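Participant: Could you have a look at this structure, given as structure tokens, before my questions?
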Amino acid sequence: MSVVLKLVAQGKQCRIYALADETECLLAEFLADVERDLPDELPKLVRLFDFAAEHLPPRNEEKCKLLQNGIHEFKTTRWRVLWFWDEGQVILCTHGFVKKSRKTPPGEIERALKMKADYEAAKRAKQLKFESP
């Protein structure tokens with residue numbers, strides 16, 4: 001199974017990609033929902049991506065936090081985007097969700113971990129495809 005990497009942001013410090021497969025990109029679908037439902041929130045996420053690409057992710061836990069097993073989250077007031085690092089200063093975003101409680105739901109972390117495992121398997125099998133916007 002191949003994994004598609006869609007470029008989200010590129011800066012001096014790193015590149016940020018959304019993980020996808022041949023049919024869907026959970027992050028793109030999430031961002032479309034954000035833009036439709038709360039268009040004022042989308043620029044906050046875009047600024048966070050752009051900042052991370054230029055300067056690395058913020059060290060402020062109000063904006064970015066390590067969860068577990070290498071999974072991190074970008075945070076705005078209402079939205080979360082889960083991601084992990086890969087070598088070469090690459091951030092790979094798995095998906096986003098609406099914050100409904102103080103803690104990140106375990107199911108969201110499990111989903112990110114599965115996507116990370118799928119990515120690593122595809123990378124080992126040399127089945128990564130890169131797409132530019």
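Residue numbering restarts at 1 for every chain of the structure tokens, chains are lettered A, B, ... in their displayed order, and ligands are numbered from 1 as they appear.
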Would you pick out the contacts of range 72-86 of chain A at 7 Å or less, using only C-alpha atoms, so that residues sharing its chain but fewer than 4 positions from it are not included, and give the list as a ChimeraX atom specification?
Facilitator: /A:44-45,62-67,90-99,112
Participant: For those residues, write C-alpha atoms to a file as an mmCIF file, in the first residue's frame.
Facilitator:
data_model
loop_
_atom_site.group_PDB
_atom_site.id
_atom_site.type_symbol
_atom_site.label_atom_id
_atom_site.label_comp_id
_atom_site.auth_asym_id
_atom_site.auth_seq_id
_atom_site.Cartn_x
_atom_site.Cartn_y
_atom_site.Cartn_z
ATOM 1 C CA LYS A 44 -4.745 30.141 13.059
ATOM 2 C CA LEU A 45 -3.876 26.643 11.872
ATOM 3 C CA GLU A 62 -0.527 26.033 24.441
ATOM 4 C CA LYS A 63 0.319 25.671 20.734
ATOM 5 C CA CYS A 64 2.169 22.364 20.440
ATOM 6 C CA LYS A 65 2.462 19.384 22.754
ATOM 7 C CA LEU A 66 4.055 15.925 22.805
ATOM 8 C CA LEU A 67 1.375 13.339 23.574
ATOM 9 C CA VAL A 90 10.005 16.486 8.162
ATOM 10 C CA ILE A 91 6.704 16.806 10.023
ATOM 11 C CA LEU A 92 3.971 14.383 8.970
ATOM 12 C CA CYS A 93 0.418 15.351 9.910
ATOM 13 C CA THR A 94 -2.038 12.513 10.272
ATOM 14 C CA HIS A 95 -5.417 14.136 10.885
ATOM 15 C CA GLY A 96 -7.282 16.782 12.822
ATOM 16 C CA PHE A 97 -10.254 16.856 15.129
ATOM 17 C CA VAL A 98 -12.410 19.158 17.236
ATOM 18 C CA LYS A 99 -11.349 19.452 20.858
ATOM 19 C CA ALA A 112 -2.315 8.679 14.480
#
Participant: Using the chain letters and numbers from this document, which residues of chain A does DSSP assign to strand (DSSP E), as JSON, numbers by chain?
Facilitator: {"A": [3, 4, 5, 6, 7, 8, 9, 10, 15, 16, 17, 18, 19, 20, 64, 65, 66, 67, 68, 71, 72, 73, 74, 75, 79, 80, 81, 82, 83, 84, 85, 86, 90, 91, 92, 93, 94, 95, 96, 97, 98, 128, 129, 130, 131]}
Participant: Residues as selected, N, CA and C atoms, written as a compact mmCIF listing (two decimals), in the first residue's frame, can you do that?
Facilitator:
# COMPACT_ATOMS: atom_id res chain seq x y z
N VAL A 3 1.71 5.33 0.36
CA VAL A 3 1.28 6.48 1.15
C VAL A 3 1.63 7.72 0.34
N VAL A 4 0.68 8.64 0.25
CA VAL A 4 0.87 9.88 -0.47
C VAL A 4 1.17 10.98 0.54
N LEU A 5 2.19 11.79 0.24
CA LEU A 5 2.55 12.93 1.09
C LEU A 5 2.20 14.21 0.35
N LYS A 6 1.29 14.99 0.94
CA LYS A 6 0.85 16.24 0.33
C LYS A 6 1.48 17.40 1.08
N LEU A 7 2.22 18.23 0.37
CA LEU A 7 2.92 19.34 1.00
C LEU A 7 1.92 20.34 1.59
N VAL A 8 2.13 20.67 2.87
CA VAL A 8 1.28 21.63 3.58
C VAL A 8 2.02 22.96 3.73
N ALA A 9 3.30 22.89 4.14
CA ALA A 9 4.11 24.10 4.34
C ALA A 9 5.58 23.72 4.21
N GLN A 10 6.36 24.70 3.75
CA GLN A 10 7.80 24.49 3.63
C GLN A 10 8.48 25.78 4.05
N ARG A 15 9.87 20.82 6.48
CA ARG A 15 8.73 20.68 5.57
C ARG A 15 7.62 19.96 6.33
N ILE A 16 6.40 20.35 6.04
CA ILE A 16 5.24 19.72 6.69
C ILE A 16 4.37 19.10 5.59
N TYR A 17 4.06 17.82 5.79
CA TYR A 17 3.23 17.08 4.85
C TYR A 17 2.00 16.52 5.56
N ALA A 18 0.94 16.35 4.79
CA ALA A 18 -0.25 15.62 5.24
C ALA A 18 -0.15 14.21 4.67
N LEU A 19 -0.41 13.22 5.50
CA LEU A 19 -0.43 11.83 5.04
C LEU A 19 -1.77 11.55 4.36
N ALA A 20 -1.71 10.82 3.27
CA ALA A 20 -2.93 10.46 2.55
C ALA A 20 -2.72 9.08 1.93
N CYS A 64 1.61 23.62 20.92
CA CYS A 64 2.17 22.36 20.44
C CYS A 64 2.57 21.51 21.64
N LYS A 65 2.21 20.24 21.59
CA LYS A 65 2.46 19.38 22.75
C LYS A 65 2.79 17.96 22.31
N LEU A 66 3.76 17.34 23.00
CA LEU A 66 4.05 15.92 22.81
C LEU A 66 3.02 15.12 23.58
N LEU A 67 2.39 14.16 22.91
CA LEU A 67 1.37 13.34 23.57
C LEU A 67 1.99 12.03 24.06
N GLN A 68 2.32 11.14 23.14
CA GLN A 68 2.94 9.85 23.50
C GLN A 68 3.46 9.16 22.26
N ILE A 71 3.97 10.97 19.01
CA ILE A 71 2.84 11.73 18.44
C ILE A 71 2.73 13.06 19.18
N HIS A 72 2.65 14.13 18.39
CA HIS A 72 2.50 15.49 18.91
C HIS A 72 1.16 16.04 18.43
N GLU A 73 0.79 17.20 18.99
CA GLU A 73 -0.40 17.87 18.48
C GLU A 73 -0.14 19.36 18.33
N PHE A 74 -0.58 19.90 17.20
CA PHE A 74 -0.68 21.35 17.04
C PHE A 74 -2.03 21.72 17.62
N LYS A 75 -2.09 22.85 18.34
CA LYS A 75 -3.31 23.21 19.05
C LYS A 75 -3.74 24.64 18.74
N TRP A 79 -9.28 23.32 17.85
CA TRP A 79 -8.87 22.30 16.91
C TRP A 79 -7.54 21.69 17.30
N ARG A 80 -7.36 20.44 16.90
CA ARG A 80 -6.09 19.74 17.12
C ARG A 80 -5.69 19.06 15.81
N VAL A 81 -4.39 19.09 15.52
CA VAL A 81 -3.84 18.35 14.38
C VAL A 81 -2.72 17.49 14.93
N LEU A 82 -2.82 16.17 14.75
CA LEU A 82 -1.81 15.26 15.26
C LEU A 82 -0.73 15.04 14.20
N TRP A 83 0.51 14.87 14.68
CA TRP A 83 1.65 14.75 13.76
C TRP A 83 2.80 14.04 14.44
N PHE A 84 3.80 13.67 13.61
CA PHE A 84 5.04 13.06 14.12
C PHE A 84 6.19 13.51 13.24
N TRP A 85 7.40 13.38 13.77
CA TRP A 85 8.62 13.73 13.05
C TRP A 85 9.10 12.55 12.21
N ASP A 86 9.77 12.87 11.11
CA ASP A 86 10.57 11.90 10.38
C ASP A 86 11.93 12.54 10.16
N VAL A 90 11.30 16.64 8.82
CA VAL A 90 10.00 16.49 8.16
C VAL A 90 8.94 16.23 9.22
N ILE A 91 7.87 17.00 9.16
CA ILE A 91 6.70 16.81 10.02
C ILE A 91 5.62 16.17 9.17
N LEU A 92 5.03 15.09 9.68
CA LEU A 92 3.97 14.38 8.97
C LEU A 92 2.68 14.47 9.78
N CYS A 93 1.71 15.18 9.24
CA CYS A 93 0.42 15.35 9.91
C CYS A 93 -0.51 14.21 9.53
N THR A 94 -1.15 13.65 10.53
CA THR A 94 -2.04 12.51 10.27
C THR A 94 -3.47 12.97 10.04
N HIS A 95 -4.02 13.72 10.98
CA HIS A 95 -5.42 14.14 10.88
C HIS A 95 -5.69 15.23 11.92
N GLY A 96 -6.87 15.78 11.85
CA GLY A 96 -7.28 16.78 12.82
C GLY A 96 -8.63 16.43 13.40
N PHE A 97 -8.96 17.09 14.50
CA PHE A 97 -10.25 16.86 15.13
C PHE A 97 -10.63 18.05 15.99
N VAL A 98 -11.90 18.10 16.37
CA VAL A 98 -12.41 19.16 17.24
C VAL A 98 -12.14 18.77 18.68
N LEU A 128 6.36 5.54 -1.11
CA LEU A 128 5.93 6.90 -0.80
C LEU A 128 5.79 7.69 -2.09
N LYS A 129 4.72 8.45 -2.19
CA LYS A 129 4.50 9.33 -3.34
C LYS A 129 4.36 10.74 -2.81
N PHE A 130 5.03 11.69 -3.47
CA PHE A 130 4.98 13.09 -3.05
C PHE A 130 4.12 13.89 -4.01
N GLU A 131 3.25 14.74 -3.43
CA GLU A 131 2.42 15.64 -4.23
C GLU A 131 2.63 17.06 -3.74
Participant: Point out the residue among A:Thr23, A:Ser2, A:Gln89, A:Ser132 with the least atom-to-atom distance to Ala52 in chain A, counting only C-alpha atoms.
Facilitator: A:Gln89
Participant: Could you pull out the alpha helix (DSSP H) residues of range 11-109 of chain A from DSSP and send them as number ranges by chain?
Facilitator: A: 26-37, 42-55, 106-109
Participant: Let me see the file: selected residues, N, CA and C atoms, as a short mmCIF file (atom, residue, chain, number, x, y, z; two decimals), in the first residue's frame.
Facilitator:
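Result went into selection30.cif, see below:
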data_model
loop_
_atom_site.label_atom_id
_atom_site.label_comp_id
_atom_site.auth_asym_id
_atom_site.auth_seq_id
_atom_site.Cartn_x
_atom_site.Cartn_y
_atom_site.Cartn_z
N LEU A 26 -7.11 12.74 5.26
CA LEU A 26 -7.89 13.14 6.43
C LEU A 26 -7.62 14.59 6.84
N LEU A 27 -6.38 15.04 6.73
CA LEU A 27 -6.07 16.42 7.11
C LEU A 27 -6.75 17.40 6.17
N ALA A 28 -6.71 17.14 4.87
CA ALA A 28 -7.36 18.03 3.90
C ALA A 28 -8.87 18.10 4.15
N GLU A 29 -9.47 16.96 4.43
CA GLU A 29 -10.91 16.93 4.72
C GLU A 29 -11.20 17.73 5.99
N PHE A 30 -10.36 17.56 7.01
CA PHE A 30 -10.52 18.30 8.26
C PHE A 30 -10.41 19.81 8.02
N LEU A 31 -9.39 20.23 7.28
CA LEU A 31 -9.20 21.65 7.02
C LEU A 31 -10.36 22.24 6.22
N ALA A 32 -10.92 21.46 5.30
CA ALA A 32 -12.10 21.92 4.56
C ALA A 32 -13.28 22.11 5.51
N ASP A 33 -13.44 21.20 6.47
CA ASP A 33 -14.50 21.33 7.47
C ASP A 33 -14.30 22.58 8.32
N VAL A 34 -13.05 22.81 8.74
CA VAL A 34 -12.75 24.01 9.54
C VAL A 34 -13.10 25.26 8.75
N GLU A 35 -12.68 25.30 7.50
CA GLU A 35 -12.95 26.48 6.66
C GLU A 35 -14.44 26.70 6.49
N ARG A 36 -15.21 25.63 6.35
CA ARG A 36 -16.66 25.73 6.17
C ARG A 36 -17.36 26.14 7.46
N ASP A 37 -17.00 25.50 8.58
CA ASP A 37 -17.73 25.68 9.83
C ASP A 37 -17.29 26.91 10.63
N LEU A 42 -9.36 28.82 10.59
CA LEU A 42 -8.41 28.27 9.62
C LEU A 42 -7.10 29.05 9.57
N PRO A 43 -7.13 30.39 9.55
CA PRO A 43 -5.85 31.13 9.53
C PRO A 43 -4.96 30.82 10.74
N LYS A 44 -5.54 30.49 11.88
CA LYS A 44 -4.75 30.14 13.06
C LYS A 44 -3.94 28.87 12.80
N LEU A 45 -4.58 27.88 12.19
CA LEU A 45 -3.88 26.64 11.87
C LEU A 45 -2.81 26.88 10.81
N VAL A 46 -3.14 27.66 9.80
CA VAL A 46 -2.17 27.94 8.74
C VAL A 46 -0.96 28.68 9.31
N ARG A 47 -1.19 29.66 10.17
CA ARG A 47 -0.07 30.37 10.81
C ARG A 47 0.79 29.42 11.63
N LEU A 48 0.17 28.49 12.32
CA LEU A 48 0.90 27.51 13.12
C LEU A 48 1.77 26.62 12.23
N PHE A 49 1.23 26.16 11.11
CA PHE A 49 2.01 25.37 10.15
C PHE A 49 3.18 26.20 9.60
N ASP A 50 2.88 27.43 9.20
CA ASP A 50 3.93 28.28 8.62
C ASP A 50 5.02 28.58 9.65
N PHE A 51 4.62 28.85 10.88
CA PHE A 51 5.61 29.13 11.93
C PHE A 51 6.50 27.91 12.14
N ALA A 52 5.89 26.73 12.23
CA ALA A 52 6.66 25.51 12.46
C ALA A 52 7.63 25.25 11.30
N ALA A 53 7.20 25.50 10.09
CA ALA A 53 8.08 25.28 8.93
C ALA A 53 9.26 26.25 8.95
N GLU A 54 9.05 27.46 9.39
CA GLU A 54 10.13 28.46 9.41
C GLU A 54 11.03 28.35 10.63
N HIS A 55 10.44 28.03 11.80
CA HIS A 55 11.18 28.11 13.06
C HIS A 55 11.19 26.84 13.89
N PRO A 106 -8.07 8.90 23.46
CA PRO A 106 -7.16 7.82 23.10
C PRO A 106 -7.37 7.31 21.67
N GLY A 107 -8.60 7.31 21.20
CA GLY A 107 -8.88 6.84 19.83
C GLY A 107 -8.20 7.70 18.78
N GLU A 108 -8.06 9.00 19.05
CA GLU A 108 -7.38 9.89 18.10
C GLU A 108 -5.89 9.59 18.07
N ILE A 109 -5.32 9.31 19.24
CA ILE A 109 -3.89 8.97 19.30
C ILE A 109 -3.67 7.62 18.61
#
Participant: Have a look at A:Arg124, A:Lys114, A:Asp21, A:Asn69 and name the one nearest to Met1 in chain A; count only C-alpha atoms.
Facilitator: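 Checking each of A:Arg124, A:Lys114, A:Asp21, A:Asn69 against Met1 in chain A, counting only C-alpha atoms, the winner is A:Asp21.
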Participant: Could you state the separation of CA of Glu87 in chain A and CA of Gln13 in chain A in Å, given to one decimal place?
Facilitator: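 Going from CA of Glu87 in chain A over to CA of Gln13 in chain A, I get 12.5 Å.
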Participant: Enter the distance from CA of Cys25 in chain A to CA of Lys123 in chain A, in Å, rounded to one decimal.
Facilitator: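 For CA of Cys25 in chain A relative to CA of Lys123 in chain A, the distance reads 17.6 Å.
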